>>> print(open('run-v3.cif').read())   # mmCIF, C-alpha atoms
data_start
loop_
_atom_site.label_atom_id
_atom_site.label_comp_id
_atom_site.auth_asym_id
_atom_site.auth_seq_id
_atom_site.Cartn_x
_atom_site.Cartn_y
_atom_site.Cartn_z
CA MET Q 1 2.72 -35.94 -5.62
CA PRO Q 2 4.52 -33.05 -3.88
CA PHE Q 3 3.77 -32.15 -0.29
CA PRO Q 4 1.59 -29.05 0.36
CA GLY Q 5 3.61 -25.90 -0.29
CA GLN Q 6 6.18 -27.79 -2.44
CA CYS Q 7 6.49 -26.81 -6.09
CA PRO Q 8 5.32 -29.56 -8.47
CA SER Q 9 7.80 -30.85 -11.00
CA GLY Q 10 7.42 -29.88 -14.63
CA LEU Q 11 6.12 -33.37 -15.47
CA GLN Q 12 3.56 -33.33 -12.65
CA PHE Q 13 2.33 -29.89 -13.64
CA THR Q 14 2.11 -30.88 -17.32
CA ARG Q 15 0.10 -34.00 -16.51
CA ALA Q 16 -2.30 -32.10 -14.25
CA PHE Q 17 -2.76 -29.27 -16.73
CA THR Q 18 -3.14 -31.69 -19.69
CA THR Q 19 -5.70 -33.78 -17.80
CA THR Q 20 -7.76 -30.68 -17.05
CA SER Q 21 -7.40 -29.17 -20.51
CA ALA Q 22 -8.35 -32.42 -22.23
CA LEU Q 23 -11.80 -32.20 -20.66
CA ILE Q 24 -12.67 -28.93 -22.37
CA PRO Q 25 -13.35 -30.33 -25.89
CA ARG Q 26 -15.38 -33.11 -24.35
CA GLN Q 27 -17.62 -30.57 -22.60
CA ALA Q 28 -17.82 -28.48 -25.75
CA ARG Q 29 -19.23 -31.46 -27.66
CA ILE Q 30 -21.91 -31.84 -24.99
CA LEU Q 31 -23.06 -28.22 -25.29
CA ARG Q 32 -25.12 -28.47 -28.49
CA PRO Q 33 -27.33 -25.57 -29.58
CA THR Q 34 -30.48 -27.57 -28.94
CA MET Q 35 -29.75 -27.97 -25.25
CA GLY Q 36 -31.18 -25.55 -22.73
CA LEU Q 37 -29.83 -23.68 -19.73
CA PHE Q 38 -30.02 -26.79 -17.54
CA SER Q 39 -27.57 -28.69 -19.74
CA ILE Q 40 -25.18 -25.74 -19.73
CA ILE Q 41 -25.24 -25.63 -15.92
CA ILE Q 42 -24.67 -29.40 -15.62
CA SER Q 43 -21.76 -29.28 -18.07
CA THR Q 44 -20.21 -26.32 -16.29
CA LEU Q 45 -20.42 -28.06 -12.92
CA PHE Q 46 -18.95 -31.25 -14.44
CA PHE Q 47 -16.00 -29.27 -15.74
CA ILE Q 48 -15.55 -27.66 -12.31
CA GLY Q 49 -15.39 -31.08 -10.67
CA ALA Q 50 -12.78 -32.22 -13.17
CA ALA Q 51 -10.73 -29.09 -12.74
CA GLY Q 52 -10.79 -29.55 -8.97
CA SER Q 53 -8.93 -32.86 -9.28
CA ALA Q 54 -5.84 -31.10 -10.59
CA ASP Q 55 -5.14 -29.26 -7.37
CA ASP Q 56 -7.56 -28.67 -4.48
CA VAL Q 57 -5.20 -26.48 -2.47
CA PHE Q 58 -5.53 -22.70 -2.63
CA ASP Q 59 -3.06 -20.87 -0.42
CA LEU Q 60 -2.72 -17.10 -0.04
CA THR Q 61 1.03 -17.61 0.35
CA ASP Q 62 1.20 -18.76 -3.27
CA ALA Q 63 -1.24 -16.17 -4.59
CA LEU Q 64 0.57 -13.28 -2.91
CA ASP Q 65 4.12 -14.58 -3.32
CA PRO Q 66 6.55 -11.71 -4.10
CA ALA Q 67 8.08 -13.87 -6.84
CA VAL Q 68 4.88 -13.48 -8.87
CA PRO Q 69 5.17 -10.12 -10.66
CA SER Q 70 2.25 -7.71 -10.28
CA GLN Q 71 0.65 -6.60 -13.52
CA ILE Q 72 -0.33 -3.24 -12.06
CA ASN Q 73 3.05 -2.01 -10.77
CA PRO Q 74 4.09 -0.31 -14.06
CA GLU Q 75 1.04 1.93 -13.75
CA LYS Q 76 2.43 3.67 -10.65
CA GLU Q 77 4.02 6.30 -12.82
CA LEU Q 78 0.60 7.18 -14.28
CA CYS Q 79 -0.73 8.28 -10.87
CA PRO Q 80 0.45 11.61 -9.39
CA ASN Q 81 2.53 11.05 -6.25
CA ASP Q 82 0.20 13.11 -4.07
CA ALA Q 83 -0.23 12.41 -0.37
CA ARG Q 84 -3.14 9.97 0.01
CA ASP Q 85 -4.43 8.05 3.01
CA ILE Q 86 -6.64 5.15 1.84
CA ALA Q 87 -8.56 2.99 4.31
CA PHE Q 88 -10.17 -0.29 3.22
CA LEU Q 89 -13.30 -1.49 5.04
CA ILE Q 90 -13.84 -5.17 4.21
CA ASP Q 91 -16.95 -7.29 4.81
CA GLY Q 92 -16.04 -10.39 6.85
CA SER Q 93 -19.60 -11.58 7.53
CA THR Q 94 -20.65 -15.22 7.18
CA THR Q 95 -22.42 -14.59 3.86
CA VAL Q 96 -18.97 -14.09 2.30
CA ARG Q 97 -17.57 -17.54 1.51
CA PRO Q 98 -13.90 -18.27 2.36
CA THR Q 99 -12.88 -18.31 -1.32
CA GLU Q 100 -14.69 -15.01 -1.82
CA PHE Q 101 -12.98 -13.49 1.20
CA MET Q 102 -9.72 -14.57 -0.41
CA GLN Q 103 -10.69 -12.57 -3.50
CA PHE Q 104 -11.25 -9.52 -1.28
CA LYS Q 105 -7.74 -9.93 0.12
CA LEU Q 106 -6.15 -10.37 -3.31
CA PHE Q 107 -7.93 -7.28 -4.57
CA ILE Q 108 -6.69 -5.15 -1.66
CA ALA Q 109 -3.11 -6.46 -1.92
CA LEU Q 110 -2.92 -5.68 -5.63
CA MET Q 111 -4.45 -2.24 -5.13
CA MET Q 112 -1.86 -1.45 -2.46
CA LYS Q 113 0.94 -2.41 -4.84
CA SER Q 114 -0.36 -0.17 -7.61
CA PHE Q 115 -0.07 3.25 -5.94
CA PRO Q 116 3.05 5.47 -5.72
CA GLU Q 117 5.14 5.77 -2.55
CA ASN Q 118 3.33 8.76 -1.05
CA THR Q 119 0.18 6.67 -0.45
CA GLN Q 120 -0.57 5.11 2.93
CA PHE Q 121 -3.08 2.32 3.63
CA SER Q 122 -5.05 0.91 6.54
CA LEU Q 123 -7.48 -2.00 6.85
CA LEU Q 124 -10.51 -2.63 9.06
CA GLN Q 125 -12.73 -5.74 8.86
CA PHE Q 126 -16.34 -5.71 9.96
CA SER Q 127 -19.14 -8.15 10.67
CA ASN Q 128 -21.08 -7.69 13.91
CA ARG Q 129 -17.57 -7.35 15.34
CA PHE Q 130 -14.66 -5.20 14.20
CA GLN Q 131 -10.99 -5.91 13.76
CA GLU Q 132 -8.37 -3.33 12.88
CA HIS Q 133 -5.68 -5.22 10.99
CA PHE Q 134 -3.30 -2.29 10.46
CA ASP Q 135 -3.53 1.48 10.64
CA PHE Q 136 -1.53 4.11 8.72
CA ARG Q 137 1.20 4.21 11.36
CA HIS Q 138 1.64 0.44 11.14
CA PHE Q 139 1.73 0.57 7.35
CA HIS Q 140 4.40 3.27 7.46
CA ARG Q 141 6.64 0.84 9.38
CA ASN Q 142 5.76 -2.22 7.26
CA ARG Q 143 4.86 -1.47 3.64
CA ASP Q 144 4.75 -5.10 2.45
CA PRO Q 145 1.16 -5.83 1.27
CA ASP Q 146 1.78 -9.59 1.04
CA ARG Q 147 2.88 -9.89 4.65
CA LEU Q 148 0.12 -7.60 5.91
CA MET Q 149 -2.65 -9.47 4.10
CA ARG Q 150 -1.47 -12.93 5.19
CA GLU Q 151 -2.41 -11.99 8.75
CA VAL Q 152 -6.03 -11.20 7.81
CA HIS Q 153 -8.55 -13.89 8.79
CA GLN Q 154 -12.31 -13.78 8.31
CA LEU Q 155 -14.43 -12.88 11.35
CA GLY Q 156 -17.83 -14.32 10.39
CA GLY Q 157 -21.14 -13.03 11.75
CA SER Q 158 -23.69 -10.50 10.51
CA SER Q 159 -23.15 -7.22 8.65
CA TYR Q 160 -22.86 -4.00 10.69
CA THR Q 161 -21.87 -1.90 7.69
CA ALA Q 162 -22.87 1.53 9.02
CA SER Q 163 -21.13 0.89 12.34
CA GLY Q 164 -18.11 -0.36 10.39
CA ILE Q 165 -17.90 2.95 8.55
CA LYS Q 166 -18.09 4.86 11.84
CA LYS Q 167 -15.28 2.69 13.22
CA ALA Q 168 -13.19 3.15 10.05
CA LEU Q 169 -13.36 6.93 10.39
CA GLU Q 170 -11.31 6.59 13.58
CA LEU Q 171 -8.39 5.56 11.37
CA PHE Q 172 -8.17 9.11 9.98
CA THR Q 173 -6.52 10.55 13.09
CA THR Q 174 -2.94 11.55 13.81
CA GLN Q 175 -2.83 8.86 16.52
CA LYS Q 176 -3.41 6.27 13.77
CA GLY Q 177 -0.82 7.83 11.46
CA ALA Q 178 -3.16 9.80 9.19
CA ARG Q 179 -1.70 13.00 7.70
CA SER Q 180 -3.53 16.31 7.88
CA THR Q 181 -2.29 17.29 4.40
CA ALA Q 182 -3.26 14.02 2.70
CA LYS Q 183 -6.34 13.33 0.62
CA ARG Q 184 -8.55 10.88 2.52
CA PHE Q 185 -10.34 7.91 0.95
CA LEU Q 186 -12.46 5.09 2.34
CA VAL Q 187 -13.12 2.03 0.13
CA VAL Q 188 -16.00 -0.13 1.37
CA LEU Q 189 -16.18 -3.73 0.07
CA THR Q 190 -19.38 -5.64 0.83
CA ASP Q 191 -21.45 -8.53 -0.53
CA GLY Q 192 -24.86 -7.31 0.60
CA GLU Q 193 -27.05 -5.11 2.75
CA LYS Q 194 -26.35 -4.37 6.39
CA PHE Q 195 -28.09 -6.72 8.80
CA GLY Q 196 -28.73 -6.28 12.52
CA ASP Q 197 -27.07 -2.86 12.60
CA THR Q 198 -29.24 -0.23 14.31
CA LEU Q 199 -27.03 2.66 13.18
CA GLU Q 200 -28.39 4.51 10.15
CA TYR Q 201 -26.20 5.68 7.28
CA GLY Q 202 -27.30 9.31 7.47
CA GLU Q 203 -25.55 9.98 10.77
CA VAL Q 204 -22.27 8.27 9.91
CA ILE Q 205 -22.07 9.78 6.41
CA GLU Q 206 -22.40 13.28 7.84
CA GLU Q 207 -19.49 12.45 10.12
CA ALA Q 208 -17.46 11.22 7.13
CA ASN Q 209 -18.13 14.46 5.28
CA ARG Q 210 -16.98 16.51 8.25
CA ALA Q 211 -13.78 14.45 8.31
CA ARG Q 212 -13.24 15.16 4.57
CA VAL Q 213 -13.26 11.45 3.68
CA THR Q 214 -14.16 10.55 0.08
CA ARG Q 215 -15.98 7.21 0.00
CA PHE Q 216 -16.10 4.50 -2.67
CA ALA Q 217 -18.72 1.75 -2.28
CA ILE Q 218 -18.09 -1.57 -4.04
CA GLY Q 219 -20.90 -4.11 -4.02
CA VAL Q 220 -20.18 -7.68 -5.12
CA GLY Q 221 -22.90 -10.19 -5.96
CA LEU Q 222 -26.29 -10.59 -7.61
CA VAL Q 223 -27.99 -9.19 -4.52
CA PHE Q 224 -27.19 -5.74 -5.91
CA THR Q 225 -29.74 -6.25 -8.68
CA SER Q 226 -32.17 -5.32 -5.91
CA LYS Q 227 -33.18 -1.65 -5.73
CA THR Q 228 -32.92 -1.74 -1.93
CA ALA Q 229 -29.34 -2.98 -2.03
CA GLN Q 230 -28.46 -0.39 -4.68
CA ARG Q 231 -29.90 2.41 -2.52
CA GLU Q 232 -27.68 1.26 0.33
CA LEU Q 233 -24.56 1.54 -1.84
CA HIS Q 234 -25.71 4.98 -2.94
CA SER Q 235 -26.00 5.99 0.70
CA ILE Q 236 -22.40 4.93 1.34
CA GLY Q 237 -20.66 6.41 -1.71
CA SER Q 238 -19.74 10.06 -2.11
CA HIS Q 239 -21.40 12.26 -4.71
CA PRO Q 240 -21.68 12.02 -7.66
CA ILE Q 241 -22.84 8.43 -7.21
CA THR Q 242 -21.82 7.41 -10.73
CA ASP Q 243 -18.18 8.11 -9.85
CA HIS Q 244 -18.14 6.52 -6.40
CA VAL Q 245 -20.29 3.37 -6.59
CA ILE Q 246 -19.17 0.22 -8.41
CA VAL Q 247 -21.19 -3.01 -8.69
CA VAL Q 248 -19.54 -6.31 -9.63
CA ARG Q 249 -21.80 -9.30 -10.24
CA HIS Q 250 -19.32 -11.93 -8.98
CA PHE Q 251 -16.07 -11.95 -7.04
CA SER Q 252 -13.74 -12.85 -9.90
CA GLY Q 253 -14.78 -9.55 -11.46
CA LEU Q 254 -12.92 -7.61 -8.77
CA ARG Q 255 -9.75 -7.84 -10.82
CA ASP Q 256 -11.52 -6.15 -13.71
CA ILE Q 257 -12.22 -3.00 -11.68
CA GLN Q 258 -8.75 -2.51 -10.14
CA THR Q 259 -7.63 -0.07 -12.81
CA GLN Q 260 -11.00 1.70 -12.81
CA LEU Q 261 -10.95 2.29 -9.06
CA LYS Q 262 -7.31 3.36 -9.07
CA GLU Q 263 -7.92 5.90 -11.84
CA LYS Q 264 -10.87 7.36 -9.93
CA ILE Q 265 -8.77 7.77 -6.79
CA CYS Q 266 -5.78 9.18 -8.65
CA ALA Q 267 -7.97 11.73 -10.44
CA SER Q 268 -9.86 12.75 -7.31
CA HIS Q 269 -9.05 16.03 -5.59
CA GLY Q 270 -10.46 14.69 -2.35
CA LEU Q 271 -13.45 15.98 -0.43
CA GLY Q 272 -13.25 19.74 -0.08
CA VAL Q 273 -16.16 21.61 1.45
CA PRO Q 274 -18.31 19.13 3.38
CA HIS Q 275 -21.75 18.68 1.92
CA SER Q 276 -24.86 16.91 3.08
CA THR Q 277 -25.21 13.36 1.83
CA ARG Q 278 -28.57 11.74 2.30
CA ALA Q 279 -29.90 8.37 1.27
CA PRO Q 280 -31.97 8.60 -1.92
CA PRO Q 281 -35.73 8.60 -1.15
CA ARG Q 282 -37.47 5.28 -1.33
CA SER Q 283 -39.39 4.67 -4.50
CA THR Q 284 -43.17 4.86 -4.23
CA ASP Q 285 -43.62 2.81 -7.39
CA THR Q 286 -45.50 -0.31 -6.32
CA CYS Q 287 -45.06 -1.91 -9.73
CA THR Q 288 -41.30 -2.31 -9.50
CA THR Q 289 -40.32 -5.72 -10.85
CA GLN Q 290 -38.47 -7.86 -8.32
CA PRO Q 291 -35.99 -10.52 -9.48
CA ASP Q 292 -36.99 -14.17 -9.11
CA PRO Q 293 -35.05 -15.53 -6.07
CA GLN Q 294 -34.80 -19.03 -7.59
CA VAL Q 295 -33.32 -17.68 -10.82
CA LEU Q 296 -30.84 -15.54 -8.88
CA GLN Q 297 -29.84 -18.53 -6.77
CA LYS Q 298 -29.17 -20.69 -9.85
CA LEU Q 299 -27.20 -17.92 -11.53
CA GLU Q 300 -25.17 -17.35 -8.39
CA GLN Q 301 -24.33 -21.08 -8.21
CA VAL Q 302 -23.04 -21.00 -11.78
CA LEU Q 303 -21.01 -17.82 -11.15
CA ARG Q 304 -19.51 -19.26 -7.97
CA GLY Q 305 -18.48 -22.32 -9.97
CA LEU Q 306 -16.84 -20.17 -12.61
CA ASP Q 307 -15.08 -18.21 -9.85
CA LEU Q 308 -13.69 -21.47 -8.49
CA VAL Q 309 -12.36 -22.51 -11.91
CA LYS Q 310 -10.72 -19.10 -12.43
CA THR Q 311 -9.19 -19.19 -8.94
CA LYS Q 312 -7.65 -22.60 -9.57
CA LEU Q 313 -6.29 -21.55 -12.96
CA ASP Q 314 -4.81 -18.40 -11.38
CA LEU Q 315 -3.17 -20.58 -8.73
CA LEU Q 316 -1.69 -22.95 -11.32
CA GLU Q 317 -0.34 -19.98 -13.28
CA ALA Q 318 1.12 -18.40 -10.13
CA ARG Q 319 2.84 -21.63 -9.08
CA GLN Q 320 4.17 -22.18 -12.56
CA GLY Q 321 5.75 -18.72 -12.52
CA LYS Q 322 7.16 -19.17 -9.02
CA CYS Q 323 8.83 -22.45 -9.84
CA GLY Q 324 10.46 -21.06 -12.96
CA HIS Q 325 8.82 -23.42 -15.49
CA PRO Q 326 7.75 -21.95 -18.84
CA ILE Q 327 4.02 -21.80 -19.39
#
>>> encode(input="run-v3.cif", output="structure tokens")
Amino acid sequence: MPFPGQCPSGLQFTRAFTTTSALIPRQARILRPTMGLFSIIISTLFFIGAAGSADDVFDLTDALDPAVPSQINPEKELCPNDARDIAFLIDGSTTVRPTEFMQFKLFIALMMKSFPENTQFSLLQFSNRFQEHFDFRHFHRNRDPDRLMREVHQLGGSSYTASGIKKALELFTTQKGARSTAKRFLVVLTDGEKFGDTLEYGEVIEEANRARVTRFAIGVGLVFTSKTAQRELHSIGSHPITDHVIVVRHFSGLRDIQTQLKEKICASHGLGVPHSTRAPPRSTDTCTTQPDPQVLQKLEQVLRGLDLVKTKLDLLEARQGKCGHPI
């Protein structure tokens, strides 16, 4: 068995991959049409446990290794090389699990690699605390997404989303390297509603409009089946909401929206004349159906398990490519 960080030999990789793959038909035989949802969940979790035996180590160094080619880079030529300043605001609260926070980081790193050279980036993390990881000036000196993202560690705590947006707007200043001629974008990544934050969205969104910052709100998780959580995303995103709010039901789905988000940013002309953005009025319908918390919890457990399997398979594929072995 190789030491952590050491590439496995072709034989070791083949044995691990064969052992994991051999379990799939066995699980398929278990999943008969007559079995219910409970059997499907048990079989899925059994497969997850088997897959975990192949390799329990997930390291951002491997996932973001420069030797692994990005699948988005060729698309740079499809995006006009306009001046853009894009700030990411990432949720680092305790409700985001470490593997999920890793998915946030992978998503941001791949997005940074996909834009043409005239785009600058910055990153701020929020919980009930705030950490500026790099501003536009810093990025101008060091444009390596892999190196920048390796230094990002989760804060933990509660979710001061509105205050995080207010703090992120400070990045769009000349002192932080922002350009007066560039289109300004703020991408907010969160897994739920704000909690413990006394600042309301109305005040901070007006400030964002005055600063000409176009906002994209990305909500990840089943919590956004709730109308309340959806209204919060609508309060964050610029208008029209359909173009600036994206909901992903689980973290592995972030990779599926990379192209979608990039195309929206590339096609955007930025925020011109500031306009008033208010939170949609609360519904007065008392008959609104609320999702069953127990059902949501079970579904989330299954989705988290599937995320873990996908993460491990991505890691095996990345290591295979880095070590030069054919897949």
>>> closest_residue(input="run-v3.cif", among="Q:Pro240, Q:Gly177, Q:Gly196, Q:Pro145", to="Met112 (chain Q)", atoms="only C-alpha atoms")
Q:Pro145
>>> resolve_selection(input="run-v3.cif", expression="the PyMOL selection byres ((chain Q and resi 266) around 12)", output="PDB file with C-alpha atoms, in the frame of the given file")
ATOM      1  CA  GLU Q  75       1.040   1.930 -13.750  1.00  0.00           C
ATOM      2  CA  LYS Q  76       2.430   3.670 -10.650  1.00  0.00           C
ATOM      3  CA  GLU Q  77       4.020   6.300 -12.820  1.00  0.00           C
ATOM      4  CA  LEU Q  78       0.600   7.180 -14.280  1.00  0.00           C
ATOM      5  CA  CYS Q  79      -0.730   8.280 -10.870  1.00  0.00           C
ATOM      6  CA  PRO Q  80       0.450  11.610  -9.390  1.00  0.00           C
ATOM      7  CA  ASN Q  81       2.530  11.050  -6.250  1.00  0.00           C
ATOM      8  CA  ASP Q  82       0.200  13.110  -4.070  1.00  0.00           C
ATOM      9  CA  ALA Q  83      -0.230  12.410  -0.370  1.00  0.00           C
ATOM     10  CA  ARG Q  84      -3.140   9.970   0.010  1.00  0.00           C
ATOM     11  CA  ASP Q  85      -4.430   8.050   3.010  1.00  0.00           C
ATOM     12  CA  ILE Q  86      -6.640   5.150   1.840  1.00  0.00           C
ATOM     13  CA  SER Q 114      -0.360  -0.170  -7.610  1.00  0.00           C
ATOM     14  CA  PHE Q 115      -0.070   3.250  -5.940  1.00  0.00           C
ATOM     15  CA  PRO Q 116       3.050   5.470  -5.720  1.00  0.00           C
ATOM     16  CA  ASN Q 118       3.330   8.760  -1.050  1.00  0.00           C
ATOM     17  CA  THR Q 119       0.180   6.670  -0.450  1.00  0.00           C
ATOM     18  CA  LYS Q 183      -6.340  13.330   0.620  1.00  0.00           C
ATOM     19  CA  ARG Q 184      -8.550  10.880   2.520  1.00  0.00           C
ATOM     20  CA  PHE Q 185     -10.340   7.910   0.950  1.00  0.00           C
ATOM     21  CA  THR Q 259      -7.630  -0.070 -12.810  1.00  0.00           C
ATOM     22  CA  GLN Q 260     -11.000   1.700 -12.810  1.00  0.00           C
ATOM     23  CA  LEU Q 261     -10.950   2.290  -9.060  1.00  0.00           C
ATOM     24  CA  LYS Q 262      -7.310   3.360  -9.070  1.00  0.00           C
ATOM     25  CA  GLU Q 263      -7.920   5.900 -11.840  1.00  0.00           C
ATOM     26  CA  LYS Q 264     -10.870   7.360  -9.930  1.00  0.00           C
ATOM     27  CA  ILE Q 265      -8.770   7.770  -6.790  1.00  0.00           C
ATOM     28  CA  ALA Q 267      -7.970  11.730 -10.440  1.00  0.00           C
ATOM     29  CA  SER Q 268      -9.860  12.750  -7.310  1.00  0.00           C
ATOM     30  CA  HIS Q 269      -9.050  16.030  -5.590  1.00  0.00           C
ATOM     31  CA  GLY Q 270     -10.460  14.690  -2.350  1.00  0.00           C
TER      32      GLY Q 270
END
>>> atom_distance(input="run-v3.cif", atom1="CA of Ala229 (chain Q)", atom2="CA of Arg97 (chain Q)")
19.1 Å
>>> atom_distance(input="run-v3.cif", atom1="CA of Ser158 (chain Q)", atom2="CA of Phe195 (chain Q)")
6.0 Å
>>> atom_distance(input="run-v3.cif", atom1="CA of Lys105 (chain Q)", atom2="CA of Val245 (chain Q)")
19.5 Å
>>> closest_residue(input="run-v3.cif", among="Q:Ser238, Q:Asn128, Q:Ser159, Q:Gln258", to="Leu186 (chain Q)", atoms="all atoms listed in the file")
Q:Ser238
>>> residues_around(input="run-v3.cif", residues="region 162-171 of chain Q", least_positions_apart="4", cutoff="10 Å", atoms="all atoms listed in the file", output="PyMOL selection string")
chain Q and resi 85-91+121-132+134-137+175-178+185-188+194-195+197-205+207-208+211+213+215+232+235-236
>>> closest_residue(input="run-v3.cif", among="Q:Arg249, Q:Arg210, Q:Lys113, Q:His239", to="Asp144 (chain Q)", atoms="only C-alpha atoms")
Q:Lys113
>>> residues_around(input="run-v3.cif", residues="Met149 (chain Q)", least_positions_apart="2", cutoff="9 Å", atoms="all atoms listed in the file", output="NGL selection string")
:Q and (60 or 64 or 105-106 or 108-109 or 133 or 144-147 or 151-153)
>>> resolve_selection(input="run-v3.cif", expression="the PyMOL selection byres ((chain Q and resi 156) around 6)", output="list in words")
Gly92, Ser93, Thr94, Gln154, Leu155 and Gly157 of chain Q
>>> closest_residue(input="run-v3.cif", among="Q:Thr181, Q:Ser226, Q:Ser252, Q:Thr161", to="Phe104 (chain Q)", atoms="all atoms listed in the file")
Q:Ser252
>>> build_atoms(input="run-v3.cif", residues="region 251-265 of chain Q", atoms="N, CA, C and O atoms", output="PDB file, in the frame of the given file")
ATOM      1  N   PHE Q 251     -17.315 -12.327  -7.680  1.00  0.00           N
ATOM      2  CA  PHE Q 251     -16.070 -11.950  -7.040  1.00  0.00           C
ATOM      3  C   PHE Q 251     -14.872 -11.957  -7.973  1.00  0.00           C
ATOM      4  O   PHE Q 251     -13.944 -11.164  -7.803  1.00  0.00           O
ATOM      5  N   SER Q 252     -14.864 -12.834  -8.965  1.00  0.00           N
ATOM      6  CA  SER Q 252     -13.740 -12.850  -9.900  1.00  0.00           C
ATOM      7  C   SER Q 252     -13.669 -11.557 -10.698  1.00  0.00           C
ATOM      8  O   SER Q 252     -12.615 -11.213 -11.241  1.00  0.00           O
ATOM      9  N   GLY Q 253     -14.770 -10.818 -10.743  1.00  0.00           N
ATOM     10  CA  GLY Q 253     -14.780  -9.550 -11.460  1.00  0.00           C
ATOM     11  C   GLY Q 253     -14.068  -8.424 -10.739  1.00  0.00           C
ATOM     12  O   GLY Q 253     -13.887  -7.340 -11.308  1.00  0.00           O
ATOM     13  N   LEU Q 254     -13.649  -8.651  -9.501  1.00  0.00           N
ATOM     14  CA  LEU Q 254     -12.920  -7.610  -8.770  1.00  0.00           C
ATOM     15  C   LEU Q 254     -11.645  -7.203  -9.498  1.00  0.00           C
ATOM     16  O   LEU Q 254     -11.260  -6.032  -9.481  1.00  0.00           O
ATOM     17  N   ARG Q 255     -10.982  -8.171 -10.110  1.00  0.00           N
ATOM     18  CA  ARG Q 255      -9.750  -7.840 -10.820  1.00  0.00           C
ATOM     19  C   ARG Q 255      -9.990  -6.914 -12.008  1.00  0.00           C
ATOM     20  O   ARG Q 255      -9.110  -6.161 -12.404  1.00  0.00           O
ATOM     21  N   ASP Q 256     -11.207  -6.975 -12.540  1.00  0.00           N
ATOM     22  CA  ASP Q 256     -11.520  -6.150 -13.710  1.00  0.00           C
ATOM     23  C   ASP Q 256     -11.733  -4.678 -13.342  1.00  0.00           C
ATOM     24  O   ASP Q 256     -11.721  -3.824 -14.226  1.00  0.00           O
ATOM     25  N   ILE Q 257     -11.949  -4.392 -12.061  1.00  0.00           N
ATOM     26  CA  ILE Q 257     -12.220  -3.000 -11.680  1.00  0.00           C
ATOM     27  C   ILE Q 257     -11.031  -2.354 -10.961  1.00  0.00           C
ATOM     28  O   ILE Q 257     -11.140  -1.219 -10.506  1.00  0.00           O
ATOM     29  N   GLN Q 258      -9.909  -3.066 -10.845  1.00  0.00           N
ATOM     30  CA  GLN Q 258      -8.750  -2.510 -10.140  1.00  0.00           C
ATOM     31  C   GLN Q 258      -8.280  -1.211 -10.796  1.00  0.00           C
ATOM     32  O   GLN Q 258      -8.094  -0.192 -10.122  1.00  0.00           O
ATOM     33  N   THR Q 259      -8.099  -1.257 -12.101  1.00  0.00           N
ATOM     34  CA  THR Q 259      -7.630  -0.070 -12.810  1.00  0.00           C
ATOM     35  C   THR Q 259      -8.652   1.046 -12.733  1.00  0.00           C
ATOM     36  O   THR Q 259      -8.307   2.222 -12.546  1.00  0.00           O
ATOM     37  N   GLN Q 260      -9.932   0.700 -12.862  1.00  0.00           N
ATOM     38  CA  GLN Q 260     -11.000   1.700 -12.810  1.00  0.00           C
ATOM     39  C   GLN Q 260     -11.005   2.428 -11.471  1.00  0.00           C
ATOM     40  O   GLN Q 260     -11.070   3.663 -11.419  1.00  0.00           O
ATOM     41  N   LEU Q 261     -10.933   1.677 -10.378  1.00  0.00           N
ATOM     42  CA  LEU Q 261     -10.950   2.290  -9.060  1.00  0.00           C
ATOM     43  C   LEU Q 261      -9.698   3.138  -8.832  1.00  0.00           C
ATOM     44  O   LEU Q 261      -9.772   4.258  -8.306  1.00  0.00           O
ATOM     45  N   LYS Q 262      -8.554   2.609  -9.250  1.00  0.00           N
ATOM     46  CA  LYS Q 262      -7.310   3.360  -9.070  1.00  0.00           C
ATOM     47  C   LYS Q 262      -7.360   4.688  -9.824  1.00  0.00           C
ATOM     48  O   LYS Q 262      -6.955   5.735  -9.301  1.00  0.00           O
ATOM     49  N   GLU Q 263      -7.843   4.666 -11.056  1.00  0.00           N
ATOM     50  CA  GLU Q 263      -7.920   5.900 -11.840  1.00  0.00           C
ATOM     51  C   GLU Q 263      -8.845   6.917 -11.195  1.00  0.00           C
ATOM     52  O   GLU Q 263      -8.564   8.118 -11.203  1.00  0.00           O
ATOM     53  N   LYS Q 264      -9.946   6.451 -10.606  1.00  0.00           N
ATOM     54  CA  LYS Q 264     -10.870   7.360  -9.930  1.00  0.00           C
ATOM     55  C   LYS Q 264     -10.204   8.011  -8.726  1.00  0.00           C
ATOM     56  O   LYS Q 264     -10.357   9.220  -8.481  1.00  0.00           O
ATOM     57  N   ILE Q 265      -9.448   7.222  -7.966  1.00  0.00           N
ATOM     58  CA  ILE Q 265      -8.770   7.770  -6.790  1.00  0.00           C
ATOM     59  C   ILE Q 265      -7.666   8.723  -7.202  1.00  0.00           C
ATOM     60  O   ILE Q 265      -7.507   9.815  -6.628  1.00  0.00           O
TER      61      ILE Q 265
END
